[in-house]
Amino acid sequence: MKARPIQRGIKRAKPFLFIAPALLPIFLFIFLPLGRSIYLSFLEWNMVSPTKTWVGFGNYIELFRNQEFVKAALNTLLYMGMLLVLILLLPYIIAYGVTQVPLKFQQFYRGALFVPHVLSLAVASVIFLWMYNPLIGSINEILAFFQLPAVNWLNDSSWALLAITFVVAWNTFGYHFIVLLAGILSVPEEVKESARVEGMKSSFGMLRRIVFPLTGPTILFVFVMTTVMGIQFAFVPVQMLTNGGPDQSTTNLVFLTYQYGFQFFRTGLGSATAVLTFLFFVVLILLQAKLLDRKVHYES
């Protein structure tokens, strides 16, 4: 009689044992650090002193009163807006354009546009460091050819955030281009042919009425990836090229977390920034799921 409850317990535990190898790394590297960050956000600690002072919500109150945090949040929103244009809208248009060229040229464009993605962001940052050079940089040379004034890309607060966005967009463009191209190519040809039979002649009409609605799931995936990962991609070029300057014009929430925690040794304030950044993206993703997912067409 006693063996049956034990057997039932083992049977119920089996599924959890099978998924344990996958859940264990998630717990160790995501949920455990998140819980530790939440705990540290209520403390005042410099990572060196054995004494940790409990301050409650003091770190959060300080952040909301801090103009530096407000500016970093606004920079994050502006950066994400520019990034969505450069690695969602632009690659989608180019991907559709590639499908309109002869097949023998499509292979070349796929490879050429994907090449920058194989480089690390550190390498991409070094390349753009030379390209942005105000004296000998190739970008200013091109501007001079068109008789346009030179721009001090990394030292002008009006242009620095855009310059950082270009680095990230150039490096990640190829991956998003390939994903969006795959989505466009998956649209059934019989649907397009039916539209042509019904009188749809223009490529723009085909894109707007047929291709765009049927590639909704792919667009949504790229949108989510850009939203979640895009801000993390900016860390390396910001650290290497501007260190958050000039005048904090390129500081974002992720880089501010790093500064508070590892440059200023204010662990509690850095953890509070990390928690607020996490909550910011959770709300953003929930809004996306609530608003955008309704308009996405999924094939049944």
# chains A, B, ... in the order shown; residues from 1 in each chain; ligands from 1
>>> residues_around(residues="A:Tyr92", least_positions_apart="3", cutoff="10 Å", atoms="only C-alpha atoms", output="PyMOL selection string")
chain A and resi 85-89+95-98+176-181+183-184+212+219
>>> write_last_selection(atoms="C-alpha atoms", output="PDB file, in the first residue's frame")
ATOM      1  CA  VAL A  85      13.513  51.919 -38.405  1.00  0.00           C
ATOM      2  CA  LEU A  86      17.022  50.739 -39.308  1.00  0.00           C
ATOM      3  CA  ILE A  87      16.762  46.997 -38.566  1.00  0.00           C
ATOM      4  CA  LEU A  88      13.058  46.315 -39.007  1.00  0.00           C
ATOM      5  CA  LEU A  89      11.523  48.696 -41.527  1.00  0.00           C
ATOM      6  CA  ALA A  95      14.280  42.103 -48.476  1.00  0.00           C
ATOM      7  CA  TYR A  96      11.161  42.605 -50.559  1.00  0.00           C
ATOM      8  CA  GLY A  97      13.214  44.432 -53.172  1.00  0.00           C
ATOM      9  CA  VAL A  98      15.674  41.524 -53.338  1.00  0.00           C
ATOM     10  CA  HIS A 176      17.143  40.590 -39.527  1.00  0.00           C
ATOM     11  CA  PHE A 177      17.330  40.870 -43.302  1.00  0.00           C
ATOM     12  CA  ILE A 178      17.669  37.090 -43.684  1.00  0.00           C
ATOM     13  CA  VAL A 179      14.816  36.398 -41.242  1.00  0.00           C
ATOM     14  CA  LEU A 180      12.493  38.863 -42.970  1.00  0.00           C
ATOM     15  CA  LEU A 181      13.510  37.585 -46.397  1.00  0.00           C
ATOM     16  CA  GLY A 183       9.238  35.268 -44.166  1.00  0.00           C
ATOM     17  CA  ILE A 184       8.594  37.026 -47.473  1.00  0.00           C
ATOM     18  CA  PHE A 212       2.815  42.394 -45.514  1.00  0.00           C
ATOM     19  CA  ILE A 219       7.664  40.970 -38.437  1.00  0.00           C
TER      20      ILE A 219
END
>>> atom_distance(atom1="atom CA of A:Ala124", atom2="atom CA of A:Ile285")
28.4 Å
>>> residues_around(residues="A:Gln239", least_positions_apart="4", cutoff="10 Å", atoms="only C-alpha atoms", output="ChimeraX atom specification")
/A:122,125,234-235,243-245,250-251,255,258
>>> write_last_selection(atoms="N, CA, C and O atoms", output="tab-separated table (two decimals), in the first residue's frame")
chain	number	residue	atom	x	y	z
A	122	ALA	N	32.48	44.54	-31.11
A	122	ALA	CA	33.74	45.21	-30.81
A	122	ALA	C	34.50	45.55	-32.09
A	122	ALA	O	35.03	46.66	-32.25
A	125	SER	N	32.71	48.30	-33.86
A	125	SER	CA	32.96	49.59	-33.21
A	125	SER	C	34.30	50.18	-33.63
A	125	SER	O	34.41	51.38	-33.86
A	234	ALA	N	23.77	47.80	-27.68
A	234	ALA	CA	24.36	49.14	-27.66
A	234	ALA	C	25.47	49.27	-26.63
A	234	ALA	O	26.27	50.22	-26.71
A	235	PHE	N	25.56	48.33	-25.69
A	235	PHE	CA	26.53	48.49	-24.61
A	235	PHE	C	27.96	48.57	-25.11
A	235	PHE	O	28.72	49.45	-24.70
A	243	ASN	N	31.69	56.16	-24.07
A	243	ASN	CA	31.60	56.00	-22.62
A	243	ASN	C	30.41	56.78	-22.05
A	243	ASN	O	30.47	57.34	-20.95
A	244	GLY	N	29.33	56.83	-22.80
A	244	GLY	CA	28.12	57.49	-22.34
A	244	GLY	C	28.01	58.95	-22.71
A	244	GLY	O	26.95	59.55	-22.58
A	245	GLY	N	29.09	59.56	-23.17
A	245	GLY	CA	29.09	60.98	-23.52
A	245	GLY	C	28.78	61.17	-25.00
A	245	GLY	O	28.42	60.22	-25.70
A	250	THR	N	24.64	59.58	-25.00
A	250	THR	CA	24.55	58.18	-25.45
A	250	THR	C	24.37	57.22	-24.28
A	250	THR	O	24.40	56.00	-24.47
A	251	THR	N	24.18	57.73	-23.08
A	251	THR	CA	23.93	56.86	-21.92
A	251	THR	C	22.53	56.28	-22.01
A	251	THR	O	21.56	57.01	-22.17
A	255	PHE	N	23.72	50.82	-19.91
A	255	PHE	CA	25.04	51.37	-19.61
A	255	PHE	C	25.04	52.10	-18.27
A	255	PHE	O	26.04	52.07	-17.55
A	258	TYR	N	25.59	49.59	-15.59
A	258	TYR	CA	27.02	49.25	-15.52
A	258	TYR	C	27.81	50.34	-14.79
A	258	TYR	O	28.67	50.04	-13.95
>>> select_by_dssp(residues="stretch 113-240 of chain A", states="alpha helix (DSSP H)", output="PDB file with N, CA and C atoms, in the first residue's frame")
ATOM      1  N   LEU A 113      24.818  41.263 -47.808  1.00  0.00           N
ATOM      2  CA  LEU A 113      24.159  41.981 -46.726  1.00  0.00           C
ATOM      3  C   LEU A 113      24.291  41.266 -45.384  1.00  0.00           C
ATOM      4  N   PHE A 114      24.582  39.962 -45.411  1.00  0.00           N
ATOM      5  CA  PHE A 114      24.722  39.221 -44.158  1.00  0.00           C
ATOM      6  C   PHE A 114      26.133  39.303 -43.581  1.00  0.00           C
ATOM      7  N   LEU A 121      30.547  42.984 -32.265  1.00  0.00           N
ATOM      8  CA  LEU A 121      30.263  44.405 -32.093  1.00  0.00           C
ATOM      9  C   LEU A 121      31.529  45.192 -31.749  1.00  0.00           C
ATOM     10  N   ALA A 122      32.482  44.541 -31.109  1.00  0.00           N
ATOM     11  CA  ALA A 122      33.745  45.211 -30.805  1.00  0.00           C
ATOM     12  C   ALA A 122      34.503  45.552 -32.091  1.00  0.00           C
ATOM     13  N   VAL A 123      34.545  44.601 -33.018  1.00  0.00           N
ATOM     14  CA  VAL A 123      35.205  44.846 -34.302  1.00  0.00           C
ATOM     15  C   VAL A 123      34.454  45.920 -35.082  1.00  0.00           C
ATOM     16  N   ALA A 124      33.124  45.832 -35.089  1.00  0.00           N
ATOM     17  CA  ALA A 124      32.320  46.841 -35.774  1.00  0.00           C
ATOM     18  C   ALA A 124      32.557  48.226 -35.179  1.00  0.00           C
ATOM     19  N   SER A 125      32.714  48.300 -33.862  1.00  0.00           N
ATOM     20  CA  SER A 125      32.963  49.586 -33.210  1.00  0.00           C
ATOM     21  C   SER A 125      34.304  50.175 -33.633  1.00  0.00           C
ATOM     22  N   VAL A 126      35.325  49.333 -33.762  1.00  0.00           N
ATOM     23  CA  VAL A 126      36.645  49.816 -34.197  1.00  0.00           C
ATOM     24  C   VAL A 126      36.580  50.312 -35.636  1.00  0.00           C
ATOM     25  N   ILE A 127      35.860  49.576 -36.486  1.00  0.00           N
ATOM     26  CA  ILE A 127      35.712  50.004 -37.883  1.00  0.00           C
ATOM     27  C   ILE A 127      35.059  51.382 -37.959  1.00  0.00           C
ATOM     28  N   PHE A 128      33.980  51.556 -37.205  1.00  0.00           N
ATOM     29  CA  PHE A 128      33.271  52.839 -37.243  1.00  0.00           C
ATOM     30  C   PHE A 128      34.043  53.940 -36.527  1.00  0.00           C
ATOM     31  N   LEU A 129      34.916  53.571 -35.590  1.00  0.00           N
ATOM     32  CA  LEU A 129      35.755  54.587 -34.948  1.00  0.00           C
ATOM     33  C   LEU A 129      36.609  55.306 -35.987  1.00  0.00           C
ATOM     34  N   TRP A 130      37.144  54.552 -36.945  1.00  0.00           N
ATOM     35  CA  TRP A 130      37.929  55.151 -38.029  1.00  0.00           C
ATOM     36  C   TRP A 130      37.030  55.867 -39.033  1.00  0.00           C
ATOM     37  N   MET A 131      35.890  55.283 -39.313  1.00  0.00           N
ATOM     38  CA  MET A 131      34.982  55.922 -40.271  1.00  0.00           C
ATOM     39  C   MET A 131      34.419  57.245 -39.739  1.00  0.00           C
ATOM     40  N   SER A 138      36.026  58.227 -43.463  1.00  0.00           N
ATOM     41  CA  SER A 138      35.442  58.084 -44.798  1.00  0.00           C
ATOM     42  C   SER A 138      34.057  58.719 -44.887  1.00  0.00           C
ATOM     43  N   ILE A 139      33.315  58.737 -43.792  1.00  0.00           N
ATOM     44  CA  ILE A 139      31.967  59.316 -43.834  1.00  0.00           C
ATOM     45  C   ILE A 139      32.034  60.821 -44.090  1.00  0.00           C
ATOM     46  N   ASN A 140      32.938  61.508 -43.401  1.00  0.00           N
ATOM     47  CA  ASN A 140      33.095  62.944 -43.644  1.00  0.00           C
ATOM     48  C   ASN A 140      33.687  63.226 -45.023  1.00  0.00           C
ATOM     49  N   GLU A 141      34.481  62.297 -45.539  1.00  0.00           N
ATOM     50  CA  GLU A 141      35.000  62.456 -46.899  1.00  0.00           C
ATOM     51  C   GLU A 141      33.847  62.406 -47.912  1.00  0.00           C
ATOM     52  N   ILE A 142      32.900  61.515 -47.663  1.00  0.00           N
ATOM     53  CA  ILE A 142      31.736  61.429 -48.549  1.00  0.00           C
ATOM     54  C   ILE A 142      30.899  62.710 -48.447  1.00  0.00           C
ATOM     55  N   LEU A 143      30.728  63.215 -47.229  1.00  0.00           N
ATOM     56  CA  LEU A 143      29.987  64.469 -47.050  1.00  0.00           C
ATOM     57  C   LEU A 143      30.681  65.622 -47.772  1.00  0.00           C
ATOM     58  N   ALA A 144      32.016  65.641 -47.702  1.00  0.00           N
ATOM     59  CA  ALA A 144      32.769  66.700 -48.374  1.00  0.00           C
ATOM     60  C   ALA A 144      32.615  66.604 -49.892  1.00  0.00           C
ATOM     61  N   PHE A 145      32.531  65.385 -50.405  1.00  0.00           N
ATOM     62  CA  PHE A 145      32.355  65.202 -51.852  1.00  0.00           C
ATOM     63  C   PHE A 145      31.050  65.839 -52.320  1.00  0.00           C
ATOM     64  N   ALA A 160      25.790  61.936 -31.629  1.00  0.00           N
ATOM     65  CA  ALA A 160      26.454  60.774 -31.039  1.00  0.00           C
ATOM     66  C   ALA A 160      25.531  59.566 -30.912  1.00  0.00           C
ATOM     67  N   LEU A 161      24.299  59.781 -30.469  1.00  0.00           N
ATOM     68  CA  LEU A 161      23.381  58.649 -30.310  1.00  0.00           C
ATOM     69  C   LEU A 161      23.039  58.022 -31.661  1.00  0.00           C
ATOM     70  N   LEU A 162      22.875  58.842 -32.672  1.00  0.00           N
ATOM     71  CA  LEU A 162      22.625  58.318 -34.014  1.00  0.00           C
ATOM     72  C   LEU A 162      23.828  57.520 -34.504  1.00  0.00           C
ATOM     73  N   ALA A 163      25.038  58.009 -34.197  1.00  0.00           N
ATOM     74  CA  ALA A 163      26.255  57.300 -34.603  1.00  0.00           C
ATOM     75  C   ALA A 163      26.326  55.921 -33.952  1.00  0.00           C
ATOM     76  N   ILE A 164      25.989  55.829 -32.672  1.00  0.00           N
ATOM     77  CA  ILE A 164      25.969  54.539 -31.975  1.00  0.00           C
ATOM     78  C   ILE A 164      24.911  53.614 -32.586  1.00  0.00           C
ATOM     79  N   THR A 165      23.762  54.182 -32.919  1.00  0.00           N
ATOM     80  CA  THR A 165      22.681  53.389 -33.516  1.00  0.00           C
ATOM     81  C   THR A 165      23.114  52.815 -34.856  1.00  0.00           C
ATOM     82  N   PHE A 166      23.855  53.585 -35.648  1.00  0.00           N
ATOM     83  CA  PHE A 166      24.344  53.104 -36.940  1.00  0.00           C
ATOM     84  C   PHE A 166      25.272  51.910 -36.769  1.00  0.00           C
ATOM     85  N   VAL A 167      26.116  51.930 -35.738  1.00  0.00           N
ATOM     86  CA  VAL A 167      27.037  50.813 -35.500  1.00  0.00           C
ATOM     87  C   VAL A 167      26.251  49.534 -35.235  1.00  0.00           C
ATOM     88  N   VAL A 168      25.272  49.620 -34.332  1.00  0.00           N
ATOM     89  CA  VAL A 168      24.459  48.445 -33.991  1.00  0.00           C
ATOM     90  C   VAL A 168      23.648  47.980 -35.201  1.00  0.00           C
ATOM     91  N   ALA A 169      23.060  48.940 -35.914  1.00  0.00           N
ATOM     92  CA  ALA A 169      22.225  48.590 -37.069  1.00  0.00           C
ATOM     93  C   ALA A 169      23.049  47.920 -38.164  1.00  0.00           C
ATOM     94  N   TRP A 170      24.249  48.439 -38.438  1.00  0.00           N
ATOM     95  CA  TRP A 170      25.112  47.846 -39.470  1.00  0.00           C
ATOM     96  C   TRP A 170      25.493  46.420 -39.105  1.00  0.00           C
ATOM     97  N   ASN A 171      25.769  46.181 -37.824  1.00  0.00           N
ATOM     98  CA  ASN A 171      26.209  44.856 -37.392  1.00  0.00           C
ATOM     99  C   ASN A 171      25.079  43.838 -37.372  1.00  0.00           C
ATOM    100  N   THR A 172      23.869  44.260 -37.022  1.00  0.00           N
ATOM    101  CA  THR A 172      22.752  43.320 -36.871  1.00  0.00           C
ATOM    102  C   THR A 172      21.799  43.303 -38.065  1.00  0.00           C
ATOM    103  N   PHE A 173      22.022  44.180 -39.024  1.00  0.00           N
ATOM    104  CA  PHE A 173      21.132  44.293 -40.178  1.00  0.00           C
ATOM    105  C   PHE A 173      20.990  42.964 -40.912  1.00  0.00           C
ATOM    106  N   GLY A 174      22.103  42.269 -41.136  1.00  0.00           N
ATOM    107  CA  GLY A 174      22.102  41.057 -41.953  1.00  0.00           C
ATOM    108  C   GLY A 174      21.220  39.962 -41.398  1.00  0.00           C
ATOM    109  N   TYR A 175      21.253  39.762 -40.068  1.00  0.00           N
ATOM    110  CA  TYR A 175      20.430  38.706 -39.465  1.00  0.00           C
ATOM    111  C   TYR A 175      18.948  39.006 -39.663  1.00  0.00           C
ATOM    112  N   HIS A 176      18.547  40.231 -39.368  1.00  0.00           N
ATOM    113  CA  HIS A 176      17.143  40.590 -39.527  1.00  0.00           C
ATOM    114  C   HIS A 176      16.709  40.554 -40.993  1.00  0.00           C
ATOM    115  N   PHE A 177      17.616  40.930 -41.867  1.00  0.00           N
ATOM    116  CA  PHE A 177      17.330  40.870 -43.302  1.00  0.00           C
ATOM    117  C   PHE A 177      17.039  39.436 -43.738  1.00  0.00           C
ATOM    118  N   ILE A 178      17.855  38.494 -43.302  1.00  0.00           N
ATOM    119  CA  ILE A 178      17.669  37.090 -43.684  1.00  0.00           C
ATOM    120  C   ILE A 178      16.360  36.541 -43.118  1.00  0.00           C
ATOM    121  N   VAL A 179      16.053  36.878 -41.864  1.00  0.00           N
ATOM    122  CA  VAL A 179      14.816  36.398 -41.242  1.00  0.00           C
ATOM    123  C   VAL A 179      13.601  36.950 -41.981  1.00  0.00           C
ATOM    124  N   LEU A 180      13.622  38.248 -42.264  1.00  0.00           N
ATOM    125  CA  LEU A 180      12.493  38.863 -42.970  1.00  0.00           C
ATOM    126  C   LEU A 180      12.378  38.352 -44.400  1.00  0.00           C
ATOM    127  N   LEU A 181      13.521  38.130 -45.041  1.00  0.00           N
ATOM    128  CA  LEU A 181      13.510  37.585 -46.397  1.00  0.00           C
ATOM    129  C   LEU A 181      12.888  36.190 -46.406  1.00  0.00           C
ATOM    130  N   ALA A 182      13.235  35.379 -45.403  1.00  0.00           N
ATOM    131  CA  ALA A 182      12.643  34.039 -45.310  1.00  0.00           C
ATOM    132  C   ALA A 182      11.127  34.125 -45.138  1.00  0.00           C
ATOM    133  N   GLY A 183      10.669  35.088 -44.339  1.00  0.00           N
ATOM    134  CA  GLY A 183       9.238  35.268 -44.166  1.00  0.00           C
ATOM    135  C   GLY A 183       8.544  35.678 -45.450  1.00  0.00           C
ATOM    136  N   ILE A 184       9.174  36.576 -46.208  1.00  0.00           N
ATOM    137  CA  ILE A 184       8.594  37.026 -47.473  1.00  0.00           C
ATOM    138  C   ILE A 184       8.557  35.882 -48.491  1.00  0.00           C
ATOM    139  N   LEU A 185       9.627  35.100 -48.552  1.00  0.00           N
ATOM    140  CA  LEU A 185       9.680  33.989 -49.499  1.00  0.00           C
ATOM    141  C   LEU A 185       8.705  32.870 -49.135  1.00  0.00           C
ATOM    142  N   GLU A 189       2.997  31.182 -53.448  1.00  0.00           N
ATOM    143  CA  GLU A 189       2.932  31.768 -54.784  1.00  0.00           C
ATOM    144  C   GLU A 189       1.506  31.755 -55.342  1.00  0.00           C
ATOM    145  N   GLU A 190       0.729  30.750 -54.948  1.00  0.00           N
ATOM    146  CA  GLU A 190      -0.643  30.690 -55.472  1.00  0.00           C
ATOM    147  C   GLU A 190      -1.483  31.866 -54.976  1.00  0.00           C
ATOM    148  N   VAL A 191      -1.162  32.367 -53.765  1.00  0.00           N
ATOM    149  CA  VAL A 191      -1.882  33.540 -53.246  1.00  0.00           C
ATOM    150  C   VAL A 191      -1.530  34.771 -54.082  1.00  0.00           C
ATOM    151  N   LYS A 192      -0.241  34.925 -54.406  1.00  0.00           N
ATOM    152  CA  LYS A 192       0.187  36.049 -55.237  1.00  0.00           C
ATOM    153  C   LYS A 192      -0.427  35.953 -56.637  1.00  0.00           C
ATOM    154  N   GLU A 193      -0.435  34.727 -57.161  1.00  0.00           N
ATOM    155  CA  GLU A 193      -0.974  34.537 -58.506  1.00  0.00           C
ATOM    156  C   GLU A 193      -2.471  34.853 -58.542  1.00  0.00           C
ATOM    157  N   SER A 194      -3.165  34.471 -57.500  1.00  0.00           N
ATOM    158  CA  SER A 194      -4.596  34.788 -57.419  1.00  0.00           C
ATOM    159  C   SER A 194      -4.823  36.291 -57.394  1.00  0.00           C
ATOM    160  N   ALA A 195      -3.950  36.996 -56.670  1.00  0.00           N
ATOM    161  CA  ALA A 195      -4.062  38.454 -56.605  1.00  0.00           C
ATOM    162  C   ALA A 195      -3.819  39.076 -57.974  1.00  0.00           C
ATOM    163  N   ARG A 196      -2.873  38.525 -58.730  1.00  0.00           N
ATOM    164  CA  ARG A 196      -2.601  39.048 -60.069  1.00  0.00           C
ATOM    165  C   ARG A 196      -3.790  38.792 -60.999  1.00  0.00           C
ATOM    166  N   VAL A 197      -4.389  37.607 -60.859  1.00  0.00           N
ATOM    167  CA  VAL A 197      -5.558  37.285 -61.679  1.00  0.00           C
ATOM    168  C   VAL A 197      -6.699  38.250 -61.382  1.00  0.00           C
ATOM    169  N   SER A 203       3.794  46.204 -57.743  1.00  0.00           N
ATOM    170  CA  SER A 203       4.537  45.549 -56.666  1.00  0.00           C
ATOM    171  C   SER A 203       4.176  46.126 -55.311  1.00  0.00           C
ATOM    172  N   PHE A 204       3.918  47.437 -55.273  1.00  0.00           N
ATOM    173  CA  PHE A 204       3.550  48.067 -54.005  1.00  0.00           C
ATOM    174  C   PHE A 204       2.210  47.545 -53.496  1.00  0.00           C
ATOM    175  N   GLY A 205       1.262  47.370 -54.406  1.00  0.00           N
ATOM    176  CA  GLY A 205      -0.030  46.816 -54.008  1.00  0.00           C
ATOM    177  C   GLY A 205       0.102  45.393 -53.504  1.00  0.00           C
ATOM    178  N   MET A 206       0.958  44.605 -54.151  1.00  0.00           N
ATOM    179  CA  MET A 206       1.201  43.239 -53.713  1.00  0.00           C
ATOM    180  C   MET A 206       1.819  43.219 -52.321  1.00  0.00           C
ATOM    181  N   PHE A 212       2.689  41.841 -46.869  1.00  0.00           N
ATOM    182  CA  PHE A 212       2.815  42.394 -45.514  1.00  0.00           C
ATOM    183  C   PHE A 212       1.899  41.691 -44.511  1.00  0.00           C
ATOM    184  N   PRO A 213       0.612  41.503 -44.803  1.00  0.00           N
ATOM    185  CA  PRO A 213      -0.237  40.800 -43.818  1.00  0.00           C
ATOM    186  C   PRO A 213       0.204  39.362 -43.544  1.00  0.00           C
ATOM    187  N   LEU A 214       0.660  38.650 -44.590  1.00  0.00           N
ATOM    188  CA  LEU A 214       1.021  37.246 -44.418  1.00  0.00           C
ATOM    189  C   LEU A 214       2.386  37.064 -43.757  1.00  0.00           C
ATOM    190  N   GLY A 216       3.191  38.857 -41.114  1.00  0.00           N
ATOM    191  CA  GLY A 216       3.004  39.443 -39.790  1.00  0.00           C
ATOM    192  C   GLY A 216       3.739  38.711 -38.670  1.00  0.00           C
ATOM    193  N   PRO A 217       3.670  37.367 -38.585  1.00  0.00           N
ATOM    194  CA  PRO A 217       4.392  36.668 -37.513  1.00  0.00           C
ATOM    195  C   PRO A 217       5.900  36.904 -37.559  1.00  0.00           C
ATOM    196  N   THR A 218       6.484  36.941 -38.754  1.00  0.00           N
ATOM    197  CA  THR A 218       7.921  37.194 -38.877  1.00  0.00           C
ATOM    198  C   THR A 218       8.255  38.614 -38.432  1.00  0.00           C
ATOM    199  N   ILE A 219       7.447  39.578 -38.846  1.00  0.00           N
ATOM    200  CA  ILE A 219       7.664  40.970 -38.437  1.00  0.00           C
ATOM    201  C   ILE A 219       7.563  41.093 -36.927  1.00  0.00           C
ATOM    202  N   LEU A 220       6.587  40.417 -36.335  1.00  0.00           N
ATOM    203  CA  LEU A 220       6.408  40.464 -34.885  1.00  0.00           C
ATOM    204  C   LEU A 220       7.618  39.872 -34.169  1.00  0.00           C
ATOM    205  N   PHE A 221       8.149  38.765 -34.697  1.00  0.00           N
ATOM    206  CA  PHE A 221       9.340  38.149 -34.100  1.00  0.00           C
ATOM    207  C   PHE A 221      10.524  39.105 -34.140  1.00  0.00           C
ATOM    208  N   VAL A 222      10.758  39.729 -35.286  1.00  0.00           N
ATOM    209  CA  VAL A 222      11.883  40.663 -35.409  1.00  0.00           C
ATOM    210  C   VAL A 222      11.664  41.884 -34.513  1.00  0.00           C
ATOM    211  N   PHE A 223      10.425  42.325 -34.404  1.00  0.00           N
ATOM    212  CA  PHE A 223      10.114  43.456 -33.526  1.00  0.00           C
ATOM    213  C   PHE A 223      10.470  43.137 -32.078  1.00  0.00           C
ATOM    214  N   VAL A 224      10.073  41.956 -31.616  1.00  0.00           N
ATOM    215  CA  VAL A 224      10.351  41.557 -30.237  1.00  0.00           C
ATOM    216  C   VAL A 224      11.862  41.420 -30.024  1.00  0.00           C
ATOM    217  N   MET A 225      12.562  40.790 -30.974  1.00  0.00           N
ATOM    218  CA  MET A 225      14.006  40.624 -30.853  1.00  0.00           C
ATOM    219  C   MET A 225      14.717  41.975 -30.827  1.00  0.00           C
ATOM    220  N   THR A 226      14.268  42.905 -31.646  1.00  0.00           N
ATOM    221  CA  THR A 226      14.865  44.234 -31.663  1.00  0.00           C
ATOM    222  C   THR A 226      14.620  44.947 -30.345  1.00  0.00           C
ATOM    223  N   THR A 227      13.412  44.822 -29.828  1.00  0.00           N
ATOM    224  CA  THR A 227      13.066  45.492 -28.576  1.00  0.00           C
ATOM    225  C   THR A 227      13.851  44.934 -27.398  1.00  0.00           C
ATOM    226  N   VAL A 228      13.950  43.611 -27.321  1.00  0.00           N
ATOM    227  CA  VAL A 228      14.578  42.967 -26.164  1.00  0.00           C
ATOM    228  C   VAL A 228      16.105  43.023 -26.247  1.00  0.00           C
ATOM    229  N   MET A 229      16.667  42.706 -27.416  1.00  0.00           N
ATOM    230  CA  MET A 229      18.117  42.586 -27.540  1.00  0.00           C
ATOM    231  C   MET A 229      18.796  43.875 -27.988  1.00  0.00           C
ATOM    232  N   GLY A 230      18.042  44.765 -28.637  1.00  0.00           N
ATOM    233  CA  GLY A 230      18.676  45.954 -29.210  1.00  0.00           C
ATOM    234  C   GLY A 230      19.385  46.810 -28.194  1.00  0.00           C
ATOM    235  N   ILE A 231      18.782  47.011 -27.014  1.00  0.00           N
ATOM    236  CA  ILE A 231      19.398  47.857 -26.003  1.00  0.00           C
ATOM    237  C   ILE A 231      20.664  47.216 -25.452  1.00  0.00           C
ATOM    238  N   GLN A 232      20.722  45.875 -25.417  1.00  0.00           N
ATOM    239  CA  GLN A 232      21.925  45.195 -24.943  1.00  0.00           C
ATOM    240  C   GLN A 232      23.059  45.311 -25.961  1.00  0.00           C
ATOM    241  N   PHE A 233      22.710  45.309 -27.260  1.00  0.00           N
ATOM    242  CA  PHE A 233      23.731  45.433 -28.291  1.00  0.00           C
ATOM    243  C   PHE A 233      24.448  46.780 -28.211  1.00  0.00           C
ATOM    244  N   PHE A 235      25.559  48.331 -25.692  1.00  0.00           N
ATOM    245  CA  PHE A 235      26.526  48.488 -24.606  1.00  0.00           C
ATOM    246  C   PHE A 235      27.964  48.572 -25.106  1.00  0.00           C
ATOM    247  N   VAL A 236      28.335  47.651 -25.985  1.00  0.00           N
ATOM    248  CA  VAL A 236      29.731  47.588 -26.446  1.00  0.00           C
ATOM    249  C   VAL A 236      30.140  48.855 -27.203  1.00  0.00           C
ATOM    250  N   PRO A 237      29.391  49.298 -28.225  1.00  0.00           N
ATOM    251  CA  PRO A 237      29.816  50.530 -28.903  1.00  0.00           C
ATOM    252  C   PRO A 237      29.789  51.760 -27.998  1.00  0.00           C
TER     253      PRO A 237
END
>>> select_by_dssp(residues="stretch 14-191 of chain A", states="strand (DSSP E or B)", output="ChimeraX atom specification")
/A:43-44,53-54
>>> write_last_selection(atoms="C-alpha atoms", output="PDB file, in the first residue's frame")
ATOM      1  CA  LEU A  43      20.657  47.985   0.034  1.00  0.00           C
ATOM      2  CA  GLU A  44      23.449  50.546   0.087  1.00  0.00           C
ATOM      3  CA  THR A  53      22.903  49.034   4.829  1.00  0.00           C
ATOM      4  CA  TRP A  54      19.187  48.464   4.312  1.00  0.00           C
TER       5      TRP A  54
END
>>> residues_around(residues="A:Val275", least_positions_apart="6", cutoff="8 Å", atoms="only C-alpha atoms", output="list in words")
Leu34, Ser37, Ile38 and Ser41 of chain A
>>> write_last_selection(atoms="all heavy atoms", output="CSV table (one decimal), in the first residue's frame")
chain,number,residue,atom,x,y,z
A,34,LEU,N,18.4,37.6,-11.1
A,34,LEU,CA,17.3,38.6,-11.0
A,34,LEU,C,16.9,38.8,-9.6
A,34,LEU,O,16.7,39.9,-9.1
A,34,LEU,CB,16.1,38.2,-11.9
A,34,LEU,CG,14.9,39.1,-11.8
A,34,LEU,CD1,15.2,40.5,-12.3
A,34,LEU,CD2,13.7,38.5,-12.6
A,37,SER,N,19.5,40.7,-7.7
A,37,SER,CA,19.5,42.1,-8.1
A,37,SER,C,18.3,42.8,-7.3
A,37,SER,O,18.5,44.0,-6.8
A,37,SER,CB,19.3,42.3,-9.6
A,37,SER,OG,20.4,41.8,-10.3
A,38,ILE,N,17.2,42.2,-7.2
A,38,ILE,CA,16.1,42.8,-6.5
A,38,ILE,C,16.4,42.9,-5.0
A,38,ILE,O,16.2,44.0,-4.4
A,38,ILE,CB,14.8,41.9,-6.6
A,38,ILE,CG1,14.3,41.9,-8.1
A,38,ILE,CG2,13.7,42.4,-5.7
A,38,ILE,CD1,13.2,40.9,-8.3
A,41,SER,N,18.9,45.8,-4.6
A,41,SER,CA,18.4,47.1,-4.9
A,41,SER,C,17.8,47.8,-3.7
A,41,SER,O,17.6,49.0,-3.7
A,41,SER,CB,17.2,47.0,-6.0
A,41,SER,OG,16.1,46.3,-5.5
>>> residues_around(residues="A:Thr277", least_positions_apart="3", cutoff="9 Å", atoms="only C-alpha atoms", output="JSON, numbers by chain")
{"A": [73, 253, 254, 257, 272, 273, 274, 280, 281, 282]}
>>> closest_residue(among="A:Thr267, A:Phe69, A:Leu279, A:Leu78", to="A:Lys52", atoms="only C-alpha atoms")
A:Thr267
>>> closest_residue(among="A:Leu284, A:Ile93, A:Leu74, A:Val48", to="A:Ser249", atoms="only C-alpha atoms")
A:Leu74
>>> residues_around(residues="A:Trp45", least_positions_apart="3", cutoff="12 Å", atoms="only C-alpha atoms", output="VMD selection string")
chain A and resid 39 to 42 48 to 55 59 260 to 262 264 to 271
